[in-house]
>>> print(open('run-v4.tsv').read())   # TSV, N, CA and C atoms
chain	number	residue	atom	x	y	z
A	69	MET	N	-3.38	17.61	-19.97
A	69	MET	CA	-4.13	16.36	-20.00
A	69	MET	C	-4.86	16.21	-18.67
A	70	ILE	N	-6.15	15.95	-18.76
A	70	ILE	CA	-6.97	15.80	-17.55
A	70	ILE	C	-6.82	14.39	-16.98
A	71	THR	N	-6.85	14.30	-15.68
A	71	THR	CA	-6.70	13.00	-15.02
A	71	THR	C	-7.97	12.67	-14.23
A	72	SER	N	-8.03	11.44	-13.78
A	72	SER	CA	-9.17	11.03	-12.94
A	72	SER	C	-9.18	11.83	-11.64
A	73	SER	N	-8.01	12.19	-11.14
A	73	SER	CA	-7.94	12.99	-9.92
A	73	SER	C	-8.54	14.38	-10.14
A	74	ASP	N	-8.28	14.97	-11.30
A	74	ASP	CA	-8.88	16.26	-11.64
A	74	ASP	C	-10.40	16.16	-11.65
A	75	PHE	N	-10.90	15.09	-12.26
A	75	PHE	CA	-12.34	14.89	-12.34
A	75	PHE	C	-12.94	14.67	-10.95
A	76	LYS	N	-12.25	13.91	-10.12
A	76	LYS	CA	-12.71	13.66	-8.75
A	76	LYS	C	-12.79	14.96	-7.96
A	77	GLN	N	-11.78	15.80	-8.09
A	77	GLN	CA	-11.78	17.09	-7.39
A	77	GLN	C	-12.93	17.97	-7.88
A	78	PHE	N	-13.19	17.95	-9.17
A	78	PHE	CA	-14.31	18.71	-9.73
A	78	PHE	C	-15.63	18.23	-9.12
A	79	LEU	N	-15.83	16.92	-9.09
A	79	LEU	CA	-17.06	16.37	-8.52
A	79	LEU	C	-17.22	16.79	-7.06
A	80	GLN	N	-16.13	16.77	-6.31
A	80	GLN	CA	-16.18	17.17	-4.90
A	80	GLN	C	-16.53	18.65	-4.76
A	81	ARG	N	-15.93	19.50	-5.60
A	81	ARG	CA	-16.22	20.94	-5.55
A	81	ARG	C	-17.69	21.23	-5.87
A	82	LYS	N	-18.25	20.48	-6.80
A	82	LYS	CA	-19.63	20.69	-7.23
A	82	LYS	C	-20.62	19.88	-6.39
A	83	ASN	N	-20.11	19.12	-5.44
A	83	ASN	CA	-20.95	18.28	-4.56
A	83	ASN	C	-21.79	17.29	-5.39
A	84	ILE	N	-21.15	16.65	-6.35
A	84	ILE	CA	-21.79	15.65	-7.21
A	84	ILE	C	-21.27	14.28	-6.78
A	85	SER	N	-22.18	13.39	-6.47
A	85	SER	CA	-21.74	12.07	-5.99
A	85	SER	C	-21.66	11.08	-7.15
A	86	MET	N	-20.49	10.52	-7.31
A	86	MET	CA	-20.23	9.43	-8.24
A	86	MET	C	-19.27	8.49	-7.54
A	87	GLU	N	-19.55	7.21	-7.63
A	87	GLU	CA	-18.68	6.22	-7.01
A	87	GLU	C	-17.40	6.09	-7.84
A	88	GLU	N	-16.27	6.12	-7.17
A	88	GLU	CA	-14.97	5.99	-7.83
A	88	GLU	C	-14.48	4.55	-7.66
A	89	ILE	N	-14.08	3.94	-8.76
A	89	ILE	CA	-13.61	2.56	-8.73
A	89	ILE	C	-12.25	2.47	-9.41
A	90	HIS	N	-11.31	1.81	-8.74
A	90	HIS	CA	-9.97	1.60	-9.28
A	90	HIS	C	-9.84	0.12	-9.63
A	91	GLU	N	-9.56	-0.15	-10.89
A	91	GLU	CA	-9.36	-1.52	-11.36
A	91	GLU	C	-7.91	-1.92	-11.17
A	92	GLU	N	-7.65	-3.22	-11.11
A	92	GLU	CA	-6.28	-3.72	-10.95
A	92	GLU	C	-5.37	-3.34	-12.11
A	93	ASP	N	-5.95	-3.19	-13.30
A	93	ASP	CA	-5.13	-2.87	-14.48
A	93	ASP	C	-4.84	-1.38	-14.61
A	94	GLY	N	-5.20	-0.59	-13.60
A	94	GLY	CA	-4.89	0.84	-13.62
A	94	GLY	C	-6.03	1.72	-14.10
A	95	PHE	N	-7.10	1.13	-14.62
A	95	PHE	CA	-8.25	1.92	-15.05
A	95	PHE	C	-8.96	2.49	-13.82
A	96	VAL	N	-9.43	3.71	-13.98
A	96	VAL	CA	-10.23	4.36	-12.95
A	96	VAL	C	-11.52	4.79	-13.60
A	97	PHE	N	-12.63	4.48	-12.94
A	97	PHE	CA	-13.88	4.99	-13.49
A	97	PHE	C	-14.82	5.44	-12.39
A	98	PHE	N	-15.73	6.29	-12.80
A	98	PHE	CA	-16.73	6.85	-11.91
A	98	PHE	C	-18.09	6.40	-12.42
A	99	ARG	N	-19.00	6.07	-11.49
A	99	ARG	CA	-20.32	5.64	-11.92
A	99	ARG	C	-21.39	6.19	-11.00
A	100	ARG	N	-22.59	6.25	-11.57
A	100	ARG	CA	-23.74	6.76	-10.83
A	100	ARG	C	-25.02	6.33	-11.53
A	101	ARG	N	-26.01	5.93	-10.78
A	101	ARG	CA	-27.36	5.66	-11.31
A	101	ARG	C	-28.10	6.99	-11.40
A	102	GLU	N	-28.82	7.18	-12.49
A	102	GLU	CA	-29.56	8.43	-12.69
A	102	GLU	C	-30.91	8.09	-13.31
A	103	ALA	N	-31.95	8.72	-12.81
A	103	ALA	CA	-33.30	8.50	-13.35
A	103	ALA	C	-33.47	9.25	-14.66
A	104	ILE	N	-34.19	8.61	-15.58
A	104	ILE	CA	-34.55	9.25	-16.84
A	104	ILE	C	-35.97	9.78	-16.69
A	105	GLU	N	-36.19	10.98	-17.18
A	105	GLU	CA	-37.54	11.57	-17.13
A	105	GLU	C	-38.53	10.64	-17.83
A	106	ASN	N	-39.62	10.34	-17.17
A	106	ASN	CA	-40.67	9.46	-17.69
A	106	ASN	C	-40.18	8.04	-17.95
A	107	GLY	N	-39.15	7.61	-17.24
A	107	GLY	CA	-38.63	6.27	-17.49
A	107	GLY	C	-37.96	5.67	-16.28
A	108	GLY	N	-37.11	4.72	-16.55
A	108	GLY	CA	-36.38	4.03	-15.49
A	108	GLY	C	-35.13	4.77	-15.11
A	109	SER	N	-34.10	4.02	-14.81
A	109	SER	CA	-32.82	4.63	-14.48
A	109	SER	C	-31.73	4.05	-15.35
A	110	VAL	N	-30.70	4.83	-15.55
A	110	VAL	CA	-29.56	4.42	-16.36
A	110	VAL	C	-28.31	4.47	-15.49
A	111	LEU	N	-27.29	3.77	-15.92
A	111	LEU	CA	-26.00	3.79	-15.24
A	111	LEU	C	-25.05	4.66	-16.05
A	112	LEU	N	-24.54	5.73	-15.43
A	112	LEU	CA	-23.60	6.64	-16.07
A	112	LEU	C	-22.18	6.23	-15.69
A	113	ILE	N	-21.30	6.20	-16.67
A	113	ILE	CA	-19.90	5.83	-16.44
A	113	ILE	C	-18.98	6.85	-17.12
A	114	VAL	N	-17.95	7.26	-16.40
A	114	VAL	CA	-16.84	8.01	-16.99
A	114	VAL	C	-15.59	7.22	-16.63
A	115	ALA	N	-14.91	6.68	-17.65
A	115	ALA	CA	-13.77	5.80	-17.42
A	115	ALA	C	-12.48	6.41	-17.98
A	116	PHE	N	-11.45	6.41	-17.19
A	116	PHE	CA	-10.14	6.94	-17.58
A	116	PHE	C	-9.20	5.77	-17.82
A	117	ASN	N	-8.58	5.73	-19.00
A	117	ASN	CA	-7.56	4.72	-19.26
A	117	ASN	C	-6.35	5.41	-19.88
A	118	GLU	N	-5.40	4.64	-20.37
A	118	GLU	CA	-4.15	5.22	-20.86
A	118	GLU	C	-4.33	6.23	-21.98
A	119	SER	N	-5.20	5.93	-22.94
A	119	SER	CA	-5.27	6.76	-24.14
A	119	SER	C	-6.57	7.52	-24.34
A	120	SER	N	-7.60	7.22	-23.53
A	120	SER	CA	-8.88	7.89	-23.76
A	120	SER	C	-9.68	8.03	-22.48
A	121	ILE	N	-10.71	8.82	-22.60
A	121	ILE	CA	-11.72	8.94	-21.56
A	121	ILE	C	-13.01	8.47	-22.21
A	122	ASP	N	-13.59	7.43	-21.65
A	122	ASP	CA	-14.78	6.82	-22.24
A	122	ASP	C	-16.00	7.13	-21.40
A	123	PHE	N	-17.07	7.46	-22.08
A	123	PHE	CA	-18.36	7.75	-21.44
A	123	PHE	C	-19.32	6.65	-21.86
A	124	ARG	N	-20.08	6.14	-20.92
A	124	ARG	CA	-21.06	5.10	-21.22
A	124	ARG	C	-22.34	5.39	-20.46
A	125	ILE	N	-23.44	5.12	-21.12
A	125	ILE	CA	-24.74	5.13	-20.45
A	125	ILE	C	-25.36	3.79	-20.74
A	126	TYR	N	-25.56	3.01	-19.68
A	126	TYR	CA	-26.10	1.66	-19.80
A	126	TYR	C	-27.58	1.62	-19.41
A	127	ASP	N	-28.28	0.68	-20.02
A	127	ASP	CA	-29.66	0.36	-19.64
A	127	ASP	C	-30.69	1.40	-20.07
A	128	ILE	N	-30.49	2.00	-21.23
A	128	ILE	CA	-31.49	2.95	-21.74
A	128	ILE	C	-32.80	2.22	-22.00
A	129	ALA	N	-32.70	1.04	-22.56
A	129	ALA	CA	-33.87	0.21	-22.82
A	129	ALA	C	-33.43	-1.24	-22.82
A	130	ASN	N	-34.42	-2.12	-22.72
A	130	ASN	CA	-34.15	-3.55	-22.75
A	130	ASN	C	-35.16	-4.20	-23.69
A	131	ILE	N	-34.74	-4.46	-24.91
A	131	ILE	CA	-35.60	-5.02	-25.96
A	131	ILE	C	-35.31	-6.52	-26.05
A	132	GLN	N	-36.07	-7.33	-25.34
A	132	GLN	CA	-35.81	-8.76	-25.29
A	132	GLN	C	-36.58	-9.57	-26.34
A	133	ASN	N	-37.63	-9.01	-26.89
A	133	ASN	CA	-38.43	-9.73	-27.87
A	133	ASN	C	-37.62	-9.94	-29.15
A	134	PRO	N	-37.32	-11.19	-29.52
A	134	PRO	CA	-36.50	-11.44	-30.71
A	134	PRO	C	-37.17	-10.94	-32.00
A	135	LEU	N	-38.48	-10.82	-31.98
A	135	LEU	CA	-39.19	-10.31	-33.17
A	135	LEU	C	-38.98	-8.81	-33.36
A	136	LYS	N	-38.49	-8.14	-32.34
A	136	LYS	CA	-38.28	-6.69	-32.42
A	136	LYS	C	-36.82	-6.32	-32.60
A	137	LYS	N	-35.96	-7.31	-32.67
A	137	LYS	CA	-34.52	-7.04	-32.79
A	137	LYS	C	-34.20	-6.26	-34.06
A	138	GLU	N	-34.78	-6.66	-35.18
A	138	GLU	CA	-34.52	-5.97	-36.44
A	138	GLU	C	-34.96	-4.51	-36.38
A	139	ALA	N	-36.14	-4.27	-35.82
A	139	ALA	CA	-36.63	-2.90	-35.69
A	139	ALA	C	-35.75	-2.09	-34.74
A	140	ALA	N	-35.28	-2.72	-33.67
A	140	ALA	CA	-34.39	-2.05	-32.73
A	140	ALA	C	-33.07	-1.67	-33.41
A	141	LEU	N	-32.53	-2.57	-34.20
A	141	LEU	CA	-31.28	-2.28	-34.92
A	141	LEU	C	-31.48	-1.17	-35.94
A	142	GLN	N	-32.62	-1.15	-36.59
A	142	GLN	CA	-32.92	-0.09	-37.55
A	142	GLN	C	-33.01	1.26	-36.83
A	143	LEU	N	-33.69	1.30	-35.68
A	143	LEU	CA	-33.77	2.53	-34.91
A	143	LEU	C	-32.39	2.97	-34.45
A	144	ILE	N	-31.58	2.05	-33.99
A	144	ILE	CA	-30.22	2.39	-33.54
A	144	ILE	C	-29.40	2.95	-34.70
A	145	ASN	N	-29.51	2.36	-35.88
A	145	ASN	CA	-28.79	2.89	-37.04
A	145	ASN	C	-29.23	4.31	-37.36
A	146	GLU	N	-30.54	4.57	-37.30
A	146	GLU	CA	-31.06	5.92	-37.56
A	146	GLU	C	-30.52	6.90	-36.53
A	147	LEU	N	-30.53	6.50	-35.26
A	147	LEU	CA	-30.03	7.38	-34.21
A	147	LEU	C	-28.53	7.62	-34.34
A	148	ASN	N	-27.79	6.60	-34.72
A	148	ASN	CA	-26.34	6.76	-34.89
A	148	ASN	C	-26.01	7.71	-36.04
A	149	MET	N	-26.89	7.80	-37.02
A	149	MET	CA	-26.69	8.76	-38.11
A	149	MET	C	-27.14	10.16	-37.69
A	150	THR	N	-28.09	10.24	-36.77
A	150	THR	CA	-28.63	11.52	-36.32
A	150	THR	C	-27.71	12.19	-35.31
A	151	TYR	N	-27.25	11.43	-34.33
A	151	TYR	CA	-26.40	11.99	-33.29
A	151	TYR	C	-24.94	11.86	-33.72
A	152	ARG	N	-24.29	12.97	-33.86
A	152	ARG	CA	-22.97	13.02	-34.47
A	152	ARG	C	-21.88	12.31	-33.65
A	153	TYR	N	-21.88	12.49	-32.36
A	153	TYR	CA	-20.76	12.01	-31.56
A	153	TYR	C	-21.06	10.75	-30.75
A	154	SER	N	-22.28	10.57	-30.39
A	154	SER	CA	-22.62	9.42	-29.55
A	154	SER	C	-22.93	8.20	-30.41
A	155	LYS	N	-22.76	7.03	-29.80
A	155	LYS	CA	-23.00	5.78	-30.52
A	155	LYS	C	-23.88	4.87	-29.68
A	156	PHE	N	-25.02	4.50	-30.26
A	156	PHE	CA	-25.92	3.55	-29.62
A	156	PHE	C	-25.52	2.14	-30.02
A	157	THR	N	-25.68	1.21	-29.09
A	157	THR	CA	-25.42	-0.20	-29.39
A	157	THR	C	-26.53	-1.04	-28.77
A	158	LEU	N	-26.68	-2.24	-29.32
A	158	LEU	CA	-27.64	-3.23	-28.80
A	158	LEU	C	-26.85	-4.50	-28.51
A	159	SER	N	-26.89	-4.94	-27.26
A	159	SER	CA	-26.18	-6.15	-26.86
A	159	SER	C	-27.07	-6.94	-25.92
A	160	GLU	N	-27.41	-8.15	-26.32
A	160	GLU	CA	-28.28	-9.02	-25.53
A	160	GLU	C	-29.56	-8.31	-25.12
A	161	GLY	N	-30.08	-7.49	-26.04
A	161	GLY	CA	-31.33	-6.77	-25.82
A	161	GLY	C	-31.18	-5.44	-25.12
A	162	ARG	N	-30.02	-5.18	-24.57
A	162	ARG	CA	-29.79	-3.94	-23.81
A	162	ARG	C	-29.29	-2.84	-24.75
A	163	VAL	N	-29.93	-1.68	-24.66
A	163	VAL	CA	-29.52	-0.52	-25.45
A	163	VAL	C	-28.64	0.37	-24.59
A	164	ASP	N	-27.43	0.65	-25.10
A	164	ASP	CA	-26.46	1.48	-24.40
A	164	ASP	C	-26.00	2.61	-25.32
A	165	LEU	N	-25.34	3.58	-24.73
A	165	LEU	CA	-24.85	4.75	-25.45
A	165	LEU	C	-23.40	4.98	-25.04
A	166	SER	N	-22.55	5.33	-26.00
A	166	SER	CA	-21.14	5.54	-25.66
A	166	SER	C	-20.55	6.72	-26.45
A	167	TYR	N	-19.44	7.19	-25.93
A	167	TYR	CA	-18.68	8.27	-26.54
A	167	TYR	C	-17.26	8.17	-26.00
A	168	SER	N	-16.27	8.38	-26.86
A	168	SER	CA	-14.88	8.34	-26.42
A	168	SER	C	-14.18	9.63	-26.81
A	169	LEU	N	-13.27	10.04	-25.95
A	169	LEU	CA	-12.52	11.27	-26.14
A	169	LEU	C	-11.04	10.96	-25.92
A	170	SER	N	-10.20	11.41	-26.83
A	170	SER	CA	-8.77	11.23	-26.64
A	170	SER	C	-8.33	11.89	-25.34
A	171	LYS	N	-7.50	11.21	-24.60
A	171	LYS	CA	-7.03	11.75	-23.32
A	171	LYS	C	-6.17	13.00	-23.53
A	172	HIS	N	-5.67	13.17	-24.73
A	172	HIS	CA	-4.80	14.31	-25.02
A	172	HIS	C	-5.58	15.50	-25.57
A	173	PHE	N	-6.88	15.34	-25.71
A	173	PHE	CA	-7.73	16.43	-26.18
A	173	PHE	C	-7.73	17.52	-25.10
A	174	PRO	N	-7.48	18.77	-25.48
A	174	PRO	CA	-7.44	19.83	-24.45
A	174	PRO	C	-8.85	20.04	-23.87
A	175	THR	N	-8.99	19.78	-22.59
A	175	THR	CA	-10.28	19.90	-21.95
A	175	THR	C	-10.08	20.08	-20.46
A	176	ASP	N	-11.16	20.32	-19.76
A	176	ASP	CA	-11.10	20.36	-18.31
A	176	ASP	C	-12.24	19.52	-17.74
A	177	ALA	N	-12.30	19.42	-16.43
A	177	ALA	CA	-13.28	18.54	-15.79
A	177	ALA	C	-14.71	19.00	-16.09
A	178	GLN	N	-14.94	20.31	-16.17
A	178	GLN	CA	-16.28	20.81	-16.49
A	178	GLN	C	-16.70	20.33	-17.87
A	179	ASP	N	-15.77	20.33	-18.83
A	179	ASP	CA	-16.08	19.84	-20.18
A	179	ASP	C	-16.48	18.37	-20.14
A	180	LEU	N	-15.77	17.58	-19.35
A	180	LEU	CA	-16.10	16.15	-19.24
A	180	LEU	C	-17.50	15.97	-18.66
A	181	PHE	N	-17.80	16.74	-17.64
A	181	PHE	CA	-19.13	16.63	-17.03
A	181	PHE	C	-20.20	17.09	-18.02
A	182	ASP	N	-19.91	18.12	-18.81
A	182	ASP	CA	-20.86	18.59	-19.82
A	182	ASP	C	-21.13	17.52	-20.88
A	183	ILE	N	-20.10	16.78	-21.25
A	183	ILE	CA	-20.29	15.67	-22.20
A	183	ILE	C	-21.20	14.61	-21.59
A	184	LEU	N	-20.99	14.29	-20.33
A	184	LEU	CA	-21.82	13.30	-19.65
A	184	LEU	C	-23.29	13.77	-19.62
A	185	VAL	N	-23.51	15.03	-19.33
A	185	VAL	CA	-24.87	15.58	-19.30
A	185	VAL	C	-25.48	15.55	-20.71
A	186	MET	N	-24.68	15.88	-21.73
A	186	MET	CA	-25.16	15.83	-23.10
A	186	MET	C	-25.61	14.40	-23.46
A	187	LEU	N	-24.84	13.41	-23.06
A	187	LEU	CA	-25.21	12.03	-23.34
A	187	LEU	C	-26.46	11.62	-22.57
A	188	LEU	N	-26.58	12.08	-21.34
A	188	LEU	CA	-27.79	11.79	-20.57
A	188	LEU	C	-29.01	12.42	-21.24
A	189	ASP	N	-28.87	13.63	-21.73
A	189	ASP	CA	-29.96	14.28	-22.47
A	189	ASP	C	-30.32	13.48	-23.72
A	190	CYS	N	-29.32	12.97	-24.39
A	190	CYS	CA	-29.53	12.15	-25.58
A	190	CYS	C	-30.31	10.88	-25.21
A	191	ALA	N	-29.92	10.24	-24.14
A	191	ALA	CA	-30.62	9.03	-23.68
A	191	ALA	C	-32.06	9.36	-23.31
A	192	THR	N	-32.27	10.47	-22.63
A	192	THR	CA	-33.61	10.89	-22.23
A	192	THR	C	-34.48	11.17	-23.45
A	193	ASP	N	-33.91	11.83	-24.45
A	193	ASP	CA	-34.66	12.17	-25.67
A	193	ASP	C	-35.04	10.94	-26.48
A	194	THR	N	-34.19	9.93	-26.48
A	194	THR	CA	-34.44	8.74	-27.31
A	194	THR	C	-35.22	7.66	-26.58
A	195	TYR	N	-35.28	7.73	-25.27
A	195	TYR	CA	-35.97	6.73	-24.47
A	195	TYR	C	-37.40	6.46	-24.97
A	196	PRO	N	-38.21	7.49	-25.24
A	196	PRO	CA	-39.57	7.22	-25.71
A	196	PRO	C	-39.61	6.44	-27.03
A	197	LYS	N	-38.64	6.64	-27.89
A	197	LYS	CA	-38.59	5.90	-29.15
A	197	LYS	C	-38.38	4.41	-28.90
A	198	PHE	N	-37.52	4.09	-27.96
A	198	PHE	CA	-37.29	2.68	-27.64
A	198	PHE	C	-38.50	2.07	-26.93
A	199	MET	N	-39.14	2.85	-26.08
A	199	MET	CA	-40.32	2.34	-25.39
A	199	MET	C	-41.47	2.12	-26.39
A	200	LYS	N	-41.62	3.01	-27.35
A	200	LYS	CA	-42.65	2.83	-28.37
A	200	LYS	C	-42.39	1.53	-29.15
A	201	LEU	N	-41.13	1.29	-29.48
A	201	LEU	CA	-40.77	0.06	-30.19
A	201	LEU	C	-41.04	-1.16	-29.30
A	202	GLN	N	-40.67	-1.09	-28.06
A	202	GLN	CA	-40.83	-2.23	-27.15
A	202	GLN	C	-42.29	-2.56	-26.93
A	203	TRP	N	-43.16	-1.57	-26.82
A	203	TRP	CA	-44.55	-1.82	-26.48
A	203	TRP	C	-45.48	-1.85	-27.68
A	204	SER	N	-44.94	-1.70	-28.88
A	204	SER	CA	-45.81	-1.74	-30.08
A	204	SER	C	-46.09	-3.17	-30.51
>>> encode(input="run-v4.tsv", output="C-alpha cells")
Amino acid sequence: MITSSDFKQFLQRKNISMEEIHEEDGFVFFRRREAIENGGSVLLIVAFNESSIDFRIYDIANIQNPLKKEAALQLINELNMTYRYSKFTLSEGRVDLSYSLSKHFPTDAQDLFDILVMLLDCATDTYPKFMKLQWS
C-alpha cells in the first residue's frame, strides 16, 4: 500500500514541486498550480485518506452564465461517458475533474504521478470545448 510519504519521496527524487498539506483529521494532500496549454491554470490535488487516494483538478473552466448551464451539463455528461475513469463535475459554475483509487490497489508513486498527468492531459484536451461553450 502506497503512502503519502512514498509519494513525497518520489516527488523529491524527481525534483517535482508540490505543496504538502497535513489536515487535522489525518488527511494529507499535495497541490500545485499548473498552466493549461492555450488556457489558464488549474489546481492539481493528490489527496491521501484512510481508504483511497483522490485526484482532483480544479478550475478547468468557469461557466457563470445561467443560460449556459444546461449546455455545460450536457457537455459534462458527454465527457463523462467518453472518459472511462475520470469524472467531470459542475459546481457553482466551476468545472472540475476527479478520479479515485482504492488505497489498497497495488501501485507505486510513479503510477500515481502518471494518473495525475493523464488527468491533466484530459483537462487540457477538454478545455477548448468548455471555452467554445463559454464564448458562444
>>> closest_residue(input="run-v4.tsv", among="A:Ile70, A:Leu184, A:Ile104, A:Leu79", to="Arg124 (chain A)", atoms="only N, CA and C atoms")
A:Leu184
>>> residues_around(input="run-v4.tsv", residues="Glu91 (chain A)", least_positions_apart="4", cutoff="12 Å", atoms="only C-alpha atoms", output="number ranges by chain")
A: 95-98, 115-117
>>> residues_around(input="run-v4.tsv", residues="region 186-197 of chain A", least_positions_apart="2", cutoff="8 Å", atoms="all atoms listed in the file", output="mmCIF file with N, CA and C atoms, in the coordinates of the input")
data_model
loop_
_atom_site.group_PDB
_atom_site.id
_atom_site.type_symbol
_atom_site.label_atom_id
_atom_site.label_comp_id
_atom_site.auth_asym_id
_atom_site.auth_seq_id
_atom_site.Cartn_x
_atom_site.Cartn_y
_atom_site.Cartn_z
ATOM 1 N N ALA A 103 -31.950 8.720 -12.810
ATOM 2 C CA ALA A 103 -33.300 8.500 -13.350
ATOM 3 C C ALA A 103 -33.470 9.250 -14.660
ATOM 4 N N ILE A 104 -34.190 8.610 -15.580
ATOM 5 C CA ILE A 104 -34.550 9.250 -16.840
ATOM 6 C C ILE A 104 -35.970 9.780 -16.690
ATOM 7 N N GLU A 105 -36.190 10.980 -17.180
ATOM 8 C CA GLU A 105 -37.540 11.570 -17.130
ATOM 9 C C GLU A 105 -38.530 10.640 -17.830
ATOM 10 N N ASN A 106 -39.620 10.340 -17.170
ATOM 11 C CA ASN A 106 -40.670 9.460 -17.690
ATOM 12 C C ASN A 106 -40.180 8.040 -17.950
ATOM 13 N N GLY A 107 -39.150 7.610 -17.240
ATOM 14 C CA GLY A 107 -38.630 6.270 -17.490
ATOM 15 C C GLY A 107 -37.960 5.670 -16.280
ATOM 16 N N ARG A 124 -20.080 6.140 -20.920
ATOM 17 C CA ARG A 124 -21.060 5.100 -21.220
ATOM 18 C C ARG A 124 -22.340 5.390 -20.460
ATOM 19 N N ILE A 125 -23.440 5.120 -21.120
ATOM 20 C CA ILE A 125 -24.740 5.130 -20.450
ATOM 21 C C ILE A 125 -25.360 3.790 -20.740
ATOM 22 N N ILE A 128 -30.490 2.000 -21.230
ATOM 23 C CA ILE A 128 -31.490 2.950 -21.740
ATOM 24 C C ILE A 128 -32.800 2.220 -22.000
ATOM 25 N N ALA A 129 -32.700 1.040 -22.560
ATOM 26 C CA ALA A 129 -33.870 0.210 -22.820
ATOM 27 C C ALA A 129 -33.430 -1.240 -22.820
ATOM 28 N N LEU A 143 -33.690 1.300 -35.680
ATOM 29 C CA LEU A 143 -33.770 2.530 -34.910
ATOM 30 C C LEU A 143 -32.390 2.970 -34.450
ATOM 31 N N SER A 154 -22.280 10.570 -30.390
ATOM 32 C CA SER A 154 -22.620 9.420 -29.550
ATOM 33 C C SER A 154 -22.930 8.200 -30.410
ATOM 34 N N LEU A 165 -25.340 3.580 -24.730
ATOM 35 C CA LEU A 165 -24.850 4.750 -25.450
ATOM 36 C C LEU A 165 -23.400 4.980 -25.040
ATOM 37 N N SER A 166 -22.550 5.330 -26.000
ATOM 38 C CA SER A 166 -21.140 5.540 -25.660
ATOM 39 C C SER A 166 -20.550 6.720 -26.450
ATOM 40 N N TYR A 167 -19.440 7.190 -25.930
ATOM 41 C CA TYR A 167 -18.680 8.270 -26.540
ATOM 42 C C TYR A 167 -17.260 8.170 -26.000
ATOM 43 N N LEU A 180 -15.770 17.580 -19.350
ATOM 44 C CA LEU A 180 -16.100 16.150 -19.240
ATOM 45 C C LEU A 180 -17.500 15.970 -18.660
ATOM 46 N N PHE A 181 -17.800 16.740 -17.640
ATOM 47 C CA PHE A 181 -19.130 16.630 -17.030
ATOM 48 C C PHE A 181 -20.200 17.090 -18.020
ATOM 49 N N ASP A 182 -19.910 18.120 -18.810
ATOM 50 C CA ASP A 182 -20.860 18.590 -19.820
ATOM 51 C C ASP A 182 -21.130 17.520 -20.880
ATOM 52 N N ILE A 183 -20.100 16.780 -21.250
ATOM 53 C CA ILE A 183 -20.290 15.670 -22.200
ATOM 54 C C ILE A 183 -21.200 14.610 -21.590
ATOM 55 N N LEU A 184 -20.990 14.290 -20.330
ATOM 56 C CA LEU A 184 -21.820 13.300 -19.650
ATOM 57 C C LEU A 184 -23.290 13.770 -19.620
ATOM 58 N N MET A 199 -39.140 2.850 -26.080
ATOM 59 C CA MET A 199 -40.320 2.340 -25.390
ATOM 60 C C MET A 199 -41.470 2.120 -26.390
ATOM 61 N N LYS A 200 -41.620 3.010 -27.350
ATOM 62 C CA LYS A 200 -42.650 2.830 -28.370
ATOM 63 C C LYS A 200 -42.390 1.530 -29.150
ATOM 64 N N LEU A 201 -41.130 1.290 -29.480
ATOM 65 C CA LEU A 201 -40.770 0.060 -30.190
ATOM 66 C C LEU A 201 -41.040 -1.160 -29.300
ATOM 67 N N GLN A 202 -40.670 -1.090 -28.060
ATOM 68 C CA GLN A 202 -40.830 -2.230 -27.150
ATOM 69 C C GLN A 202 -42.290 -2.560 -26.930
ATOM 70 N N TRP A 203 -43.160 -1.570 -26.820
ATOM 71 C CA TRP A 203 -44.550 -1.820 -26.480
ATOM 72 C C TRP A 203 -45.480 -1.850 -27.680
#
>>> atom_distance(input="run-v4.tsv", atom1="atom C of Ala139 (chain A)", atom2="CA of Leu158 (chain A)")
10.1 Å
>>> atom_distance(input="run-v4.tsv", atom1="CA of Thr71 (chain A)", atom2="atom N of Val185 (chain A)")
17.5 Å
>>> select_by_dssp(input="run-v4.tsv", residues="chain A", states="helix (DSSP H, G or I)", output="VMD selection string")
chain A and resid 72 to 81 134 to 150 177 to 203
>>> atom_distance(input="run-v4.tsv", atom1="CA of Arg99 (chain A)", atom2="atom N of Leu112 (chain A)")
5.5 Å
